[in-house]
$ cat input-v3.txt   # compact mmCIF, C-alpha atoms
# COMPACT_ATOMS: atom_id res chain seq x y z
CA MET A 180 79.33 121.89 89.87
CA ILE A 181 80.67 121.11 86.38
CA ALA A 182 79.13 117.61 86.46
CA SER A 183 75.84 119.12 87.57
CA MET A 184 76.03 121.62 84.69
CA HIS A 185 76.56 118.82 82.19
CA GLN A 186 73.74 116.70 83.61
CA LYS A 187 71.18 119.52 83.62
CA LEU A 188 72.16 120.70 80.13
CA GLU A 189 72.03 117.16 78.75
CA GLN A 190 68.57 116.82 80.28
CA ASP A 191 67.30 120.18 78.97
CA PHE A 192 69.20 120.17 75.65
CA PRO A 193 69.75 116.48 74.82
CA ASN A 194 70.75 117.16 71.21
CA PHE A 195 73.44 119.70 72.17
CA ALA A 196 75.52 117.75 74.70
CA ASP A 197 78.79 118.09 72.77
CA GLU A 198 78.34 121.81 72.16
CA ALA A 199 77.41 122.39 75.80
CA ARG A 200 80.54 120.64 77.08
CA LEU A 201 82.72 122.60 74.66
CA LEU A 202 81.20 125.97 75.51
CA ILE A 203 81.28 125.40 79.27
CA ARG A 204 85.03 124.78 79.03
CA ALA A 205 85.76 127.47 76.46
CA SER A 206 83.61 130.43 77.44
CA LEU A 207 83.49 132.06 80.84
CA TYR A 208 80.33 133.90 79.76
CA PHE A 209 78.57 130.68 78.76
CA SER A 210 79.68 128.94 81.94
CA LYS A 211 78.27 131.84 83.99
CA LEU A 212 75.07 131.78 81.93
CA VAL A 213 74.64 128.09 82.69
CA ASP A 214 75.45 128.65 86.36
CA ASP A 215 72.80 131.39 86.55
CA TYR A 216 70.32 129.10 84.79
CA LEU A 217 70.99 126.26 87.23
CA THR A 218 70.57 128.63 90.17
CA ALA A 219 67.26 129.86 88.79
CA CYS A 220 66.12 126.25 88.26
CA GLU A 221 67.03 125.35 91.84
CA GLN A 222 65.19 128.40 93.19
CA VAL A 223 62.05 127.67 91.18
CA ASP A 224 62.13 124.03 92.29
CA ALA A 225 62.56 125.07 95.92
CA LEU A 226 59.66 127.50 95.65
CA MET A 227 57.48 124.94 93.93
CA HIS A 228 58.14 122.43 96.69
CA HIS A 229 57.59 125.06 99.39
CA VAL A 230 61.16 124.86 100.65
CA LEU A 231 61.23 128.63 100.35
CA THR A 232 58.33 130.96 100.95
CA THR A 233 57.41 133.50 98.30
CA ASP A 234 54.54 135.21 96.64
CA GLN A 235 53.27 134.43 93.15
CA ALA A 236 54.88 137.55 91.68
CA GLN A 237 58.32 136.47 92.84
CA LEU A 238 57.78 132.94 91.50
CA HIS A 239 56.61 134.39 88.17
CA GLN A 240 59.72 136.61 87.98
CA LEU A 241 62.04 133.65 88.70
CA ARG A 242 60.33 131.55 86.06
CA LYS A 243 60.66 134.39 83.55
CA GLN A 244 64.37 134.76 84.38
CA ARG A 245 64.88 131.01 84.02
CA LEU A 246 63.16 131.01 80.62
CA GLU A 247 65.25 133.97 79.38
CA LEU A 248 68.45 132.20 80.46
CA LYS A 249 67.33 128.95 78.82
CA ASP A 250 66.56 130.82 75.58
CA GLU A 251 70.01 132.44 75.60
CA ILE A 252 71.68 129.08 76.22
CA ALA A 253 69.67 127.51 73.38
CA ARG A 254 70.64 130.35 71.04
CA ARG A 255 74.33 129.99 71.84
CA LEU A 256 74.22 126.19 71.50
CA SER A 257 72.51 126.51 68.14
CA GLU A 258 75.09 129.05 66.97
CA ALA A 259 77.89 126.74 68.06
CA ARG A 260 76.37 123.83 66.17
CA ASN A 261 75.66 125.83 63.03
CA HIS A 262 78.88 127.83 63.12
CA GLN A 263 76.79 130.96 62.64
CA ALA A 264 79.02 133.12 64.77
CA PRO A 265 82.56 132.75 66.01
CA MET A 266 82.61 131.62 69.59
CA PHE A 267 84.80 133.72 71.82
CA ASP A 268 85.62 133.54 75.46
CA ASP A 269 84.07 136.85 76.44
CA ALA A 270 86.60 137.46 79.17
CA GLU A 271 89.60 137.21 76.88
CA ASP A 272 88.18 137.36 73.33
CA THR A 273 89.98 134.10 72.64
CA PRO A 274 88.59 132.21 69.64
CA VAL A 275 87.05 128.88 70.53
CA ALA A 276 87.54 126.06 68.09
CA ILE A 277 84.24 124.43 67.22
CA ALA A 278 84.73 120.82 66.20
CA SER A 279 82.48 119.40 63.48

$ encode --input "input-v3.txt" --output "structure tokens"
Amino acid sequence: MIASMHQKLEQDFPNFADEARLLIRASLYFSKLVDDYLTACEQVDALMHHVLTTDQAQLHQLRKQRLELKDEIARRLSEARNHQAPMFDDAEDTPVAIAS
């Protein structure tokens, strides 16, 4: 799953590959955020290709959830790059070193 995380993030956030790899390893919260995003992407893709049956309201809700997750990931990647906020592993409040 880690390789899949890296591939999808590199595809969706090509300019943040280094930050994404760092945060996936360093932050349980970020790793879960990415996992939730990948799950939402898979569900939307399955619905779009009629692998799963759903109504338009459910598809709309999944797309909205996916977009919210993507926005949160983008915000955290940007913060990591710009050193705007200290990065902590939310489970342990352990500082994460951000390499320049």

$ atom_distance --input "input-v3.txt" --atom1 "CA of His239 (chain A)" --atom2 "CA of Leu217 (chain A)"
16.5 Å

$ closest_residue --input "input-v3.txt" --among "A:His262, A:Arg254, A:Lys211, A:Arg242" --to "Leu226 (chain A)" --atoms "all atoms listed in the file"
A:Arg242

$ closest_residue --input "input-v3.txt" --among "A:Ser206, A:Gln244, A:Ser257, A:Asn194" --to "Gln222 (chain A)" --atoms "all atoms listed in the file"
A:Gln244

$ atom_distance --input "input-v3.txt" --atom1 "CA of Asp214 (chain A)" --atom2 "CA of Gln190 (chain A)"
15.0 Å

$ closest_residue --input "input-v3.txt" --among "A:Val213, A:Leu241, A:Lys249, A:Pro193" --to "Ala225 (chain A)" --atoms "only C-alpha atoms"
A:Leu241

$ atom_distance --input "input-v3.txt" --atom1 "CA of Arg255 (chain A)" --atom2 "CA of Glu221 (chain A)"
21.8 Å

$ closest_residue --input "input-v3.txt" --among "A:Arg245, A:Ala259, A:Asp191, A:Asp234" --to "Ile203 (chain A)" --atoms "all atoms listed in the file"
A:Ala259

$ closest_residue --input "input-v3.txt" --among "A:Gln237, A:Tyr208, A:Lys243, A:Cys220" --to "Leu188 (chain A)" --atoms "all atoms listed in the file"
A:Cys220

$ axis_aligned_box --input "input-v3.txt" --around "region 231-249 of chain A" --padding-each-side "4 Å" --output "AutoDock Vina command-line options"
--center_x 60.9 --center_y 133.1 --center_z 89.9 --size_x 23.2 --size_y 16.9 --size_z 30.1

$ closest_residue --input "input-v3.txt" --among "A:Glu258, A:Glu189, A:Glu251, A:Asp224" --to "Phe209 (chain A)" --atoms "all atoms listed in the file"
A:Glu251

$ decode --input "input-v3.txt" --residues "region 217-257 of chain A" --atoms "N, CA and C atoms" --output "PDB file, in the first residue's frame"
ATOM      1  N   LEU A 217      -6.977   7.759  -0.966  1.00  0.00           N
ATOM      2  CA  LEU A 217      -6.858   6.688  -1.958  1.00  0.00           C
ATOM      3  C   LEU A 217      -8.111   5.823  -2.000  1.00  0.00           C
ATOM      4  N   THR A 218      -8.681   5.562  -0.837  1.00  0.00           N
ATOM      5  CA  THR A 218      -9.927   4.795  -0.780  1.00  0.00           C
ATOM      6  C   THR A 218     -11.049   5.541  -1.488  1.00  0.00           C
ATOM      7  N   ALA A 219     -11.157   6.829  -1.235  1.00  0.00           N
ATOM      8  CA  ALA A 219     -12.188   7.635  -1.898  1.00  0.00           C
ATOM      9  C   ALA A 219     -11.974   7.644  -3.410  1.00  0.00           C
ATOM     10  N   CYS A 220     -10.721   7.760  -3.849  1.00  0.00           N
ATOM     11  CA  CYS A 220     -10.416   7.734  -5.284  1.00  0.00           C
ATOM     12  C   CYS A 220     -10.835   6.402  -5.904  1.00  0.00           C
ATOM     13  N   GLU A 221     -10.515   5.312  -5.230  1.00  0.00           N
ATOM     14  CA  GLU A 221     -10.887   3.985  -5.731  1.00  0.00           C
ATOM     15  C   GLU A 221     -12.400   3.838  -5.811  1.00  0.00           C
ATOM     16  N   GLN A 222     -13.110   4.334  -4.807  1.00  0.00           N
ATOM     17  CA  GLN A 222     -14.569   4.228  -4.811  1.00  0.00           C
ATOM     18  C   GLN A 222     -15.186   5.052  -5.932  1.00  0.00           C
ATOM     19  N   VAL A 223     -14.687   6.260  -6.127  1.00  0.00           N
ATOM     20  CA  VAL A 223     -15.208   7.102  -7.211  1.00  0.00           C
ATOM     21  C   VAL A 223     -14.924   6.443  -8.554  1.00  0.00           C
ATOM     22  N   ASP A 224     -13.712   5.928  -8.734  1.00  0.00           N
ATOM     23  CA  ASP A 224     -13.376   5.250  -9.986  1.00  0.00           C
ATOM     24  C   ASP A 224     -14.278   4.047 -10.227  1.00  0.00           C
ATOM     25  N   ALA A 225     -14.522   3.266  -9.189  1.00  0.00           N
ATOM     26  CA  ALA A 225     -15.386   2.095  -9.323  1.00  0.00           C
ATOM     27  C   ALA A 225     -16.809   2.517  -9.689  1.00  0.00           C
ATOM     28  N   LEU A 226     -17.283   3.571  -9.082  1.00  0.00           N
ATOM     29  CA  LEU A 226     -18.634   4.058  -9.390  1.00  0.00           C
ATOM     30  C   LEU A 226     -18.710   4.615 -10.809  1.00  0.00           C
ATOM     31  N   MET A 227     -17.663   5.302 -11.212  1.00  0.00           N
ATOM     32  CA  MET A 227     -17.645   5.875 -12.552  1.00  0.00           C
ATOM     33  C   MET A 227     -17.588   4.803 -13.637  1.00  0.00           C
ATOM     34  N   HIS A 228     -16.993   3.685 -13.322  1.00  0.00           N
ATOM     35  CA  HIS A 228     -16.886   2.583 -14.279  1.00  0.00           C
ATOM     36  C   HIS A 228     -17.946   1.517 -14.022  1.00  0.00           C
ATOM     37  N   HIS A 229     -18.944   1.872 -13.241  1.00  0.00           N
ATOM     38  CA  HIS A 229     -20.106   1.015 -12.968  1.00  0.00           C
ATOM     39  C   HIS A 229     -19.756  -0.332 -12.333  1.00  0.00           C
ATOM     40  N   VAL A 230     -18.617  -0.374 -11.641  1.00  0.00           N
ATOM     41  CA  VAL A 230     -18.278  -1.584 -10.898  1.00  0.00           C
ATOM     42  C   VAL A 230     -19.199  -1.695  -9.696  1.00  0.00           C
ATOM     43  N   LEU A 231     -19.525  -0.549  -9.120  1.00  0.00           N
ATOM     44  CA  LEU A 231     -20.456  -0.483  -8.012  1.00  0.00           C
ATOM     45  C   LEU A 231     -21.696   0.271  -8.473  1.00  0.00           C
ATOM     46  N   THR A 232     -22.821  -0.065  -7.912  1.00  0.00           N
ATOM     47  CA  THR A 232     -24.029   0.680  -8.249  1.00  0.00           C
ATOM     48  C   THR A 232     -24.281   1.733  -7.182  1.00  0.00           C
ATOM     49  N   THR A 233     -24.755   2.884  -7.614  1.00  0.00           N
ATOM     50  CA  THR A 233     -25.013   3.981  -6.684  1.00  0.00           C
ATOM     51  C   THR A 233     -25.939   4.986  -7.341  1.00  0.00           C
ATOM     52  N   ASP A 234     -26.404   5.900  -6.555  1.00  0.00           N
ATOM     53  CA  ASP A 234     -27.171   7.002  -7.125  1.00  0.00           C
ATOM     54  C   ASP A 234     -26.254   8.217  -7.253  1.00  0.00           C
ATOM     55  N   GLN A 235     -26.725   9.230  -7.929  1.00  0.00           N
ATOM     56  CA  GLN A 235     -25.914  10.424  -8.170  1.00  0.00           C
ATOM     57  C   GLN A 235     -25.572  11.159  -6.876  1.00  0.00           C
ATOM     58  N   ALA A 236     -26.456  11.125  -5.904  1.00  0.00           N
ATOM     59  CA  ALA A 236     -26.188  11.803  -4.631  1.00  0.00           C
ATOM     60  C   ALA A 236     -25.010  11.152  -3.917  1.00  0.00           C
ATOM     61  N   GLN A 237     -24.947   9.835  -3.932  1.00  0.00           N
ATOM     62  CA  GLN A 237     -23.838   9.137  -3.292  1.00  0.00           C
ATOM     63  C   GLN A 237     -22.529   9.435  -4.027  1.00  0.00           C
ATOM     64  N   LEU A 238     -22.571   9.427  -5.348  1.00  0.00           N
ATOM     65  CA  LEU A 238     -21.376   9.741  -6.135  1.00  0.00           C
ATOM     66  C   LEU A 238     -20.919  11.170  -5.841  1.00  0.00           C
ATOM     67  N   HIS A 239     -21.852  12.099  -5.785  1.00  0.00           N
ATOM     68  CA  HIS A 239     -21.530  13.492  -5.471  1.00  0.00           C
ATOM     69  C   HIS A 239     -20.871  13.594  -4.095  1.00  0.00           C
ATOM     70  N   GLN A 240     -21.397  12.895  -3.113  1.00  0.00           N
ATOM     71  CA  GLN A 240     -20.847  12.921  -1.751  1.00  0.00           C
ATOM     72  C   GLN A 240     -19.434  12.348  -1.727  1.00  0.00           C
ATOM     73  N   LEU A 241     -19.193  11.261  -2.452  1.00  0.00           N
ATOM     74  CA  LEU A 241     -17.851  10.677  -2.503  1.00  0.00           C
ATOM     75  C   LEU A 241     -16.869  11.624  -3.180  1.00  0.00           C
ATOM     76  N   ARG A 242     -17.300  12.264  -4.243  1.00  0.00           N
ATOM     77  CA  ARG A 242     -16.426  13.222  -4.918  1.00  0.00           C
ATOM     78  C   ARG A 242     -16.099  14.398  -3.997  1.00  0.00           C
ATOM     79  N   LYS A 243     -17.075  14.864  -3.259  1.00  0.00           N
ATOM     80  CA  LYS A 243     -16.869  15.965  -2.317  1.00  0.00           C
ATOM     81  C   LYS A 243     -15.871  15.542  -1.239  1.00  0.00           C
ATOM     82  N   GLN A 244     -16.033  14.336  -0.702  1.00  0.00           N
ATOM     83  CA  GLN A 244     -15.118  13.825   0.313  1.00  0.00           C
ATOM     84  C   GLN A 244     -13.701  13.727  -0.248  1.00  0.00           C
ATOM     85  N   ARG A 245     -13.590  13.214  -1.475  1.00  0.00           N
ATOM     86  CA  ARG A 245     -12.277  13.081  -2.107  1.00  0.00           C
ATOM     87  C   ARG A 245     -11.618  14.450  -2.265  1.00  0.00           C
ATOM     88  N   LEU A 246     -12.375  15.446  -2.693  1.00  0.00           N
ATOM     89  CA  LEU A 246     -11.841  16.789  -2.874  1.00  0.00           C
ATOM     90  C   LEU A 246     -11.403  17.399  -1.542  1.00  0.00           C
ATOM     91  N   GLU A 247     -12.181  17.209  -0.488  1.00  0.00           N
ATOM     92  CA  GLU A 247     -11.809  17.724   0.831  1.00  0.00           C
ATOM     93  C   GLU A 247     -10.512  17.079   1.314  1.00  0.00           C
ATOM     94  N   LEU A 248     -10.376  15.773   1.111  1.00  0.00           N
ATOM     95  CA  LEU A 248      -9.154  15.075   1.508  1.00  0.00           C
ATOM     96  C   LEU A 248      -7.964  15.580   0.693  1.00  0.00           C
ATOM     97  N   LYS A 249      -8.168  15.749  -0.609  1.00  0.00           N
ATOM     98  CA  LYS A 249      -7.090  16.235  -1.471  1.00  0.00           C
ATOM     99  C   LYS A 249      -6.665  17.637  -1.051  1.00  0.00           C
ATOM    100  N   ASP A 250      -7.617  18.493  -0.710  1.00  0.00           N
ATOM    101  CA  ASP A 250      -7.296  19.844  -0.247  1.00  0.00           C
ATOM    102  C   ASP A 250      -6.482  19.811   1.048  1.00  0.00           C
ATOM    103  N   GLU A 251      -6.857  18.933   1.967  1.00  0.00           N
ATOM    104  CA  GLU A 251      -6.121  18.819   3.235  1.00  0.00           C
ATOM    105  C   GLU A 251      -4.705  18.304   2.993  1.00  0.00           C
ATOM    106  N   ILE A 252      -4.568  17.337   2.106  1.00  0.00           N
ATOM    107  CA  ILE A 252      -3.236  16.829   1.761  1.00  0.00           C
ATOM    108  C   ILE A 252      -2.400  17.944   1.148  1.00  0.00           C
ATOM    109  N   ALA A 253      -2.975  18.689   0.217  1.00  0.00           N
ATOM    110  CA  ALA A 253      -2.254  19.791  -0.430  1.00  0.00           C
ATOM    111  C   ALA A 253      -1.818  20.835   0.598  1.00  0.00           C
ATOM    112  N   ARG A 254      -2.689  21.155   1.532  1.00  0.00           N
ATOM    113  CA  ARG A 254      -2.355  22.129   2.574  1.00  0.00           C
ATOM    114  C   ARG A 254      -1.177  21.642   3.411  1.00  0.00           C
ATOM    115  N   ARG A 255      -1.226  20.389   3.811  1.00  0.00           N
ATOM    116  CA  ARG A 255      -0.147  19.850   4.647  1.00  0.00           C
ATOM    117  C   ARG A 255       1.171  19.752   3.877  1.00  0.00           C
ATOM    118  N   LEU A 256       1.102  19.380   2.598  1.00  0.00           N
ATOM    119  CA  LEU A 256       2.321  19.326   1.783  1.00  0.00           C
ATOM    120  C   LEU A 256       2.924  20.717   1.621  1.00  0.00           C
ATOM    121  N   SER A 257       2.072  21.692   1.398  1.00  0.00           N
ATOM    122  CA  SER A 257       2.539  23.067   1.251  1.00  0.00           C
ATOM    123  C   SER A 257       3.172  23.569   2.544  1.00  0.00           C
TER     124      SER A 257
END
